[in-house]
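Report on one structure; see the data block that follows.
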Amino acid sequence: MIPKAAGHDVPWEAHRHDFDELELIGDDMFTLGVPTDSSAEFRKYVFAAAKTVMMDNRSVDHILKLYGDHWSFQSTSSPGLTLVRAMSQMTKRHVRETTARMSNIDAPGGAAPGLIAAHAALLRLQSSFRGAVLMCCLGLRFEAAVIARLILEQLAWAYVIHGFQDMAFVEVAPTKCVSRLQALWPGIPDVRGRQIQGRACIYR
Amino acid sequence: MFVGGKSKGVLASIDDVRIVSFQLLYLAYTFRVVTAVTMRSVLDGCDLSETEAVTKTRNASAEAEIDAFRSSLVTMITGNG
């Protein structure tokens, strides 16, 4: 039985993180990704380790002692950002679970073309969600809103065409499907048109 | 000031990345709902026709998802989870 460190995963366990979970630190020779919720101390040690390698040195402690006082790493957490990150984590979790559920479905023989197209469109949405979450975490709200609109229309399109028994679904415009989805799922966020009416072109 | 009235209100609502982030979360739940509804025929082998029974089942699925959404939000906001 391998013991588990208190409050942590086993020390040698490694996870792949998505870009929205990282912040980049570095200098003109290297760039490192650190978790967004990492402490200033953690960033300092990681930076020192990279600096040690880049300077062809062997002692991180030595490099820290020499240069550590010159480095300052601020934690970027704020209540607003923490909330955005928490919501992003939940969004990703639900998308991941839903996608996994769909991936386990074996298409039955003779499935209607509309159902196959809906399945493909819904599976494709995981990439759109990934992009939107990344935009949110970067603070690019108008860009995130544009992708949110795309997601909404794709969801509505998949819902409307899933019962089609022929290829007529190719004539269905996603922009015309949202009202049908609203009938099923009230309270859909009004993401349409805002980035067009908005001041996206002049405001960052 | 050339932006005002209705458009000003619309802009204010998107002026914070938290709003968009929340919308994305809601869309993620919508994703669950749409997937559950559209893939129901594959999962349950039920008729895809727009019968009253199917509509009722769909609404029930949507209601269940709404409840899950609400409780998850409460969990997230209160930090009990």
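So you can find residues: chains in the structure tokens are A, B, ... in the order shown, residues in each start at 1, and ligands are numbered from 1 in order.
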Tell me as a ChimeraX atom specification which residues belonging to chain A come within 8 Å of chain B, counting only C-alpha atoms. /A:80,83-84,86-88,90-92,94-95,98,102,105,107-108,115,118-119,122,129,132-133,136,139-142,144-145,148,151-152,155,158-159,162-163,184-185,188-189,191,194,197-199
Using Å and a single decimal, report how far CA of Arg149 in chain A sits from CA of Val170 in chain A.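 Between CA of Val170 in chain A and CA of Arg149 in chain A the gap works out to 19.7 Å.
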For CA of Gly26 in chain A and CA of Phe47 in chain A, the interatomic separation in Å (one decimal):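 Taking CA of Gly26 in chain A as the start and CA of Phe47 in chain A as the end point, the length is 6.9 Å.
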Residue list (alpha helix (DSSP H), DSSP) for range 46-193 of chain A, as a PyMOL selection string: chain A and resi 46-54+60-67+79-103+113-137+141-161+178-184
Do a neighbour search on Phe73 in chain A at 10 Å with only C-alpha atoms, toss out local chain neighbours closer than 3 positions, and write the hits as a PyMOL selection string. chain A and resi 25+39-44+47+76
With N, CA and C atoms kept, could you save the residues just selected as a JSON list (two decimals), in the first residue's frame?
```json
[["chain", "number", "residue", "atom", "x", "y", "z"],
["A", 25, "ILE", "N", 4.99, 32.50, -16.14],
["A", 25, "ILE", "CA", 6.05, 33.33, -15.54],
["A", 25, "ILE", "C", 7.34, 32.99, -16.27],
["A", 39, "SER", "N", 0.86, 29.80, -4.79],
["A", 39, "SER", "CA", 1.32, 30.89, -3.92],
["A", 39, "SER", "C", 2.55, 31.57, -4.53],
["A", 40, "ALA", "N", 2.83, 32.75, -4.01],
["A", 40, "ALA", "CA", 4.01, 33.48, -4.47],
["A", 40, "ALA", "C", 5.29, 32.68, -4.17],
["A", 41, "GLU", "N", 5.29, 31.98, -3.03],
["A", 41, "GLU", "CA", 6.46, 31.20, -2.66],
["A", 41, "GLU", "C", 6.70, 30.05, -3.65],
["A", 42, "PHE", "N", 5.60, 29.38, -4.01],
["A", 42, "PHE", "CA", 5.71, 28.28, -4.98],
["A", 42, "PHE", "C", 6.31, 28.81, -6.29],
["A", 43, "ARG", "N", 5.82, 29.95, -6.75],
["A", 43, "ARG", "CA", 6.30, 30.52, -8.01],
["A", 43, "ARG", "C", 7.78, 30.88, -7.93],
["A", 44, "LYS", "N", 8.16, 31.35, -6.78],
["A", 44, "LYS", "CA", 9.54, 31.74, -6.59],
["A", 44, "LYS", "C", 10.47, 30.52, -6.68],
["A", 47, "PHE", "N", 10.53, 29.21, -10.29],
["A", 47, "PHE", "CA", 11.33, 30.13, -11.09],
["A", 47, "PHE", "C", 12.82, 29.93, -10.80],
["A", 76, "THR", "N", -2.17, 36.36, -8.09],
["A", 76, "THR", "CA", -3.14, 37.14, -8.86],
["A", 76, "THR", "C", -4.58, 36.87, -8.44]]
```
